[in-house]
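Contents: one structure, followed by commentary.
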Amino acid sequence: MHQATLPYLRSSALVIFTEDCTGRPQKKSGDEAVISQVSIAELDAIKATLSADETWQGRAPIGGQEHPVLALPSPTNALLVLVDTRPVSGEGGGEGGAHLSGQEVPVPWLVRYLWNLAAERIREKVADAPPSYLIESRAASAERVRVTAELVDRHSTTLETLLAALRAPSLADDAARKSATDVAAKALVELRTLNDRTTELVEEPVATAFQRLRDDLRPLMHFSGMDVQFIEPPVNGRALPGEVAHAARAIVRGLVLAMVEQPDVRRIRTQWDCDGENLLINVRDDGQGNLSREAPSIVRLLQRVEVLDGRMTIDLMKGWGADVAVTLPLDPPERKLPAAGSWNLGDRELEVLQLLAAGQRNRAIAAMLHVSENTVKFHLRNIYRKLGATSRTEAIALAHSNGLR
């Protein structure tokens with residue numbers, strides 16, 4: 001996306017923020033100093049300034065420092081942020097936005113078109129994700145929650161200790177104590193808010209997920225005249241992992257569309273429930289029981305269910321309709337982890353893995369080990385192969401599970 005926009009609008013970095021993609025809500029390109037430090041809190045703050053279809057330009061913290069930014073929303077609720085934006089020399093067309101450092105940066109219509117196209121493609125890929133994406137997304141979500149929880153606990157303890165000290169009557173300067181208390185209290189609230197926001201991106205209340213399904217199907221109900229009935233899930237049910245919520249909506253949409261294509265179907269009922277360990281889905285129609293298990297659309301849905309280690313059964317009753325039951329586990333299947341000693345890592349590979357598990361990026365690892373980044377990448381490829389990992393995130397998770405930090 002960054003390369004596609006550069007011929008029409010220059011920028012030093014590009015960030016895409018999408019809540020649909022729970023494994024990687026941020027997609028980034030450009031200046032490493034910016035993209036390596038971008039936080040969800042910064043993107044949330046920019047997003048809060050936008051209306052549904054309004055471009056925003058101004059200065060905002062991004063990557064830990066204030067930069068001129070241009071933000072574009074999309075119909076899919078994704079956000080595009082371009083950093084240090086400036087027009088291409090000689091380009092004067094486009095739509096105007098707010099003033100940026102006293103100068104208006106026109107936004108070419110083609111940039112808007114490309115962004116809306118990319119946002120819709122991201123939504124489609126999430127809705128019909130392949131097995132490899134779902135597995136990696138779950139691993140990334142779990143790792144992000146774990147890291148965030150550790151940071152929250154560590155900094156919360158520090159700030160709460162600071163607050164206790166500042167509130168102690170033995171301290172003399174009341175004004176200074178009050179100011180410091182206010183600063184620490186604000187930081188504590190912001191930290192808790194960041195933790196809640198991160199959790200929201202990887203978990204979705206079951207009632208909220210079901211309401212989004214109703215919103216997805218409302219146009220079909222309106223234009224087809226089909227009576228789609230919804231049996232609400234318990235409002236206090238366990239929150240759904242983001243991948244399960246997205247997959248569940250896609251599965252139900254696919255089942256409803258397959259049922260609508262049958263003759264004589266006038267009513268479809270869908271129900272969700274949660275037993276604490278699984279999301280239980282039931283979709284039933286009032287047709288003649290002719291839903292084909294071998295139809296390509298049903299086969300694809302079954303594959304999606306199996307990716308999440310779930311089950312789908314189809315009960316056909318001639319003259320009475322089709323009854324489809326889907327069970328989706330809320331937790332990923334347990335995976336037997338090999339002992340670290342069985343990985344047969346060389347000394348340098350073990351050093352690289354330890355630094356990787358500590359959260360270091362390739363460039364930092366190269367500097368610490370006095371090697372090139374290409375050498376680090378070479379070691380990482382060997383490490384992934386020996387661990388049986390498919391991604392950086394999974395390698396980190398395996399390292400942490402075996403005591404490497």
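Following the order of the structure tokens, chains are lettered A, B, ..., residues in each are numbered from 1, and ligands are numbered from 1.
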Write out as a PyMOL selection string the residues lying within 10 Å of Leu279 (chain A), counting only C-alpha atoms and excluding same-chain residues fewer than 3 positions away.
chain A and resi 206+233+237-240+244-245+248+272-276+310+326-330
What is the CA of Arg192 (chain A)-CA of Leu162 (chain A) distance in Å, reported with one decimal?
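So the two atoms, CA of Arg192 (chain A) and CA of Leu162 (chain A), lie 16.0 Å apart.
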So what do you get for CA of Pro68 (chain A) versus CA of Thr85 (chain A), distance-wise?
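Value for the CA of Pro68 (chain A)-CA of Thr85 (chain A) distance: 6.9 Å.
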I need the helix (DSSP H, G or I) residues of region 233-367 of chain A per DSSP on the backbone, written as a PyMOL selection string.
chain A and resi 242-260+296-307+340-343+347-357+362-367
Surrounding residues of Leu114 (chain A) excluding itself and chain neighbours under 3 positions, 8 Å, only C-alpha atoms, as a ChimeraX atom specification
/A:1,4-5,110-111,117-118
Which polymer residues have any atom within 10 Å of an atom of Ala180 (chain A), counting only C-alpha atoms, with same-chain residues fewer than 3 positions away left out, as an MDAnalysis selection string?
chainID A and resid 162:163 166:167 174:177 183:186
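Taking CA of Ile251 (chain A) as the reference point, CA of Val299 (chain A) is found at 11.2 Å.
Non-sequential neighbours of Lys386 (chain A) (distance at most 8 Å, separation of 5 or more positions within a chain, only C-alpha atoms) are A:Trp343, A:Asn344, A:Leu345.
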Mind writing the picked residues with N, CA, C and O atoms as a PDB file, in the first residue's frame?
```pdb
ATOM      1  N   TRP A 343      15.998 -29.244  20.586  1.00  0.00           N
ATOM      2  CA  TRP A 343      16.003 -28.399  19.396  1.00  0.00           C
ATOM      3  C   TRP A 343      17.344 -28.440  18.665  1.00  0.00           C
ATOM      4  O   TRP A 343      17.451 -28.004  17.512  1.00  0.00           O
ATOM      5  N   ASN A 344      18.397 -28.851  19.364  1.00  0.00           N
ATOM      6  CA  ASN A 344      19.739 -28.942  18.752  1.00  0.00           C
ATOM      7  C   ASN A 344      20.200 -27.595  18.195  1.00  0.00           C
ATOM      8  O   ASN A 344      20.717 -27.512  17.071  1.00  0.00           O
ATOM      9  N   LEU A 345      20.001 -26.550  18.976  1.00  0.00           N
ATOM     10  CA  LEU A 345      20.437 -25.214  18.550  1.00  0.00           C
ATOM     11  C   LEU A 345      21.916 -25.040  18.818  1.00  0.00           C
ATOM     12  O   LEU A 345      22.436 -25.470  19.865  1.00  0.00           O
TER      13      LEU A 345
END
```
May I have the residues within 10 Å of Met226 (chain A) as a PyMOL selection string, using only C-alpha atoms and disregarding those fewer than 5 positions away in the same chain?
chain A and resi 220-221+260+265-268
Given the selection you just returned, output its residues as a file containing all heavy atoms, formatted as an mmCIF file, in the first residue's frame.
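And here is the file that came out, part-v9.cif:
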```cif
data_model
loop_
_atom_site.group_PDB
_atom_site.id
_atom_site.type_symbol
_atom_site.label_atom_id
_atom_site.label_comp_id
_atom_site.auth_asym_id
_atom_site.auth_seq_id
_atom_site.Cartn_x
_atom_site.Cartn_y
_atom_site.Cartn_z
ATOM 1 N N LEU A 220 -29.745 -8.327 3.846
ATOM 2 C CA LEU A 220 -30.360 -9.502 3.230
ATOM 3 C C LEU A 220 -31.825 -9.627 3.656
ATOM 4 O O LEU A 220 -32.704 -9.892 2.832
ATOM 5 C CB LEU A 220 -29.592 -10.761 3.625
ATOM 6 C CG LEU A 220 -30.187 -12.093 3.149
ATOM 7 C CD1 LEU A 220 -30.141 -12.179 1.636
ATOM 8 C CD2 LEU A 220 -29.435 -13.268 3.775
ATOM 9 N N MET A 221 -32.083 -9.411 4.919
ATOM 10 C CA MET A 221 -33.450 -9.484 5.426
ATOM 11 C C MET A 221 -34.329 -8.427 4.777
ATOM 12 O O MET A 221 -35.494 -8.669 4.452
ATOM 13 C CB MET A 221 -33.450 -9.310 6.949
ATOM 14 C CG MET A 221 -32.669 -10.391 7.708
ATOM 15 S SD MET A 221 -32.195 -9.872 9.376
ATOM 16 C CE MET A 221 -33.780 -9.450 10.068
ATOM 17 N N VAL A 260 -30.635 -19.714 1.679
ATOM 18 C CA VAL A 260 -31.475 -18.809 0.889
ATOM 19 C C VAL A 260 -31.570 -19.283 -0.555
ATOM 20 O O VAL A 260 -32.595 -19.074 -1.229
ATOM 21 C CB VAL A 260 -30.927 -17.367 0.977
ATOM 22 C CG1 VAL A 260 -31.558 -16.477 -0.076
ATOM 23 C CG2 VAL A 260 -31.172 -16.787 2.356
ATOM 24 N N VAL A 265 -37.629 -21.813 0.856
ATOM 25 C CA VAL A 265 -37.168 -21.396 2.182
ATOM 26 C C VAL A 265 -37.667 -19.979 2.447
ATOM 27 O O VAL A 265 -37.398 -19.055 1.673
ATOM 28 C CB VAL A 265 -35.622 -21.446 2.289
ATOM 29 C CG1 VAL A 265 -35.161 -20.810 3.595
ATOM 30 C CG2 VAL A 265 -35.139 -22.877 2.204
ATOM 31 N N ARG A 266 -38.380 -19.816 3.529
ATOM 32 C CA ARG A 266 -38.930 -18.500 3.891
ATOM 33 C C ARG A 266 -38.459 -18.039 5.263
ATOM 34 O O ARG A 266 -38.566 -16.879 5.595
ATOM 35 C CB ARG A 266 -40.466 -18.548 3.873
ATOM 36 C CG ARG A 266 -41.059 -18.798 2.488
ATOM 37 C CD ARG A 266 -40.810 -17.602 1.587
ATOM 38 N NE ARG A 266 -41.296 -17.835 0.224
ATOM 39 C CZ ARG A 266 -40.556 -18.304 -0.758
ATOM 40 N NH1 ARG A 266 -39.272 -18.601 -0.531
ATOM 41 N NH2 ARG A 266 -41.052 -18.495 -1.967
ATOM 42 N N ARG A 267 -37.990 -18.970 6.075
ATOM 43 C CA ARG A 267 -37.615 -18.611 7.439
ATOM 44 C C ARG A 267 -36.317 -19.327 7.813
ATOM 45 O O ARG A 267 -36.145 -20.509 7.545
ATOM 46 C CB ARG A 267 -38.714 -19.000 8.424
ATOM 47 C CG ARG A 267 -38.435 -18.591 9.869
ATOM 48 C CD ARG A 267 -39.530 -19.039 10.824
ATOM 49 N NE ARG A 267 -40.802 -18.407 10.487
ATOM 50 C CZ ARG A 267 -41.830 -19.051 9.943
ATOM 51 N NH1 ARG A 267 -41.754 -20.347 9.690
ATOM 52 N NH2 ARG A 267 -42.957 -18.411 9.663
ATOM 53 N N ILE A 268 -35.418 -18.577 8.424
ATOM 54 C CA ILE A 268 -34.155 -19.130 8.921
ATOM 55 C C ILE A 268 -33.974 -18.668 10.363
ATOM 56 O O ILE A 268 -34.170 -17.489 10.672
ATOM 57 C CB ILE A 268 -32.955 -18.675 8.062
ATOM 58 C CG1 ILE A 268 -33.097 -19.198 6.622
ATOM 59 C CG2 ILE A 268 -31.633 -19.157 8.664
ATOM 60 C CD1 ILE A 268 -32.034 -18.666 5.666
#
```
Using only C-alpha atoms, which of the listed residues (A:Ile46, A:Met317, A:Ala207, A:Leu257) sits closest to Ser297 (chain A)?
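Closest residue, counting only C-alpha atoms: A:Leu257.
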Which residue gives the smallest distance to Leu213 (chain A) among A:Val256, A:Val88, A:Val376, A:Ile16, with only C-alpha atoms counted?
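Among A:Val256, A:Val88, A:Val376, A:Ile16, it is A:Val256 that comes nearest to Leu213 (chain A).
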Just list as a ChimeraX atom specification whatever in region 173-391 of chain A DSSP marks as strand (DSSP E or B).
/A:203-204,227-231,240-241,267-274,278-285,311-317,321-329
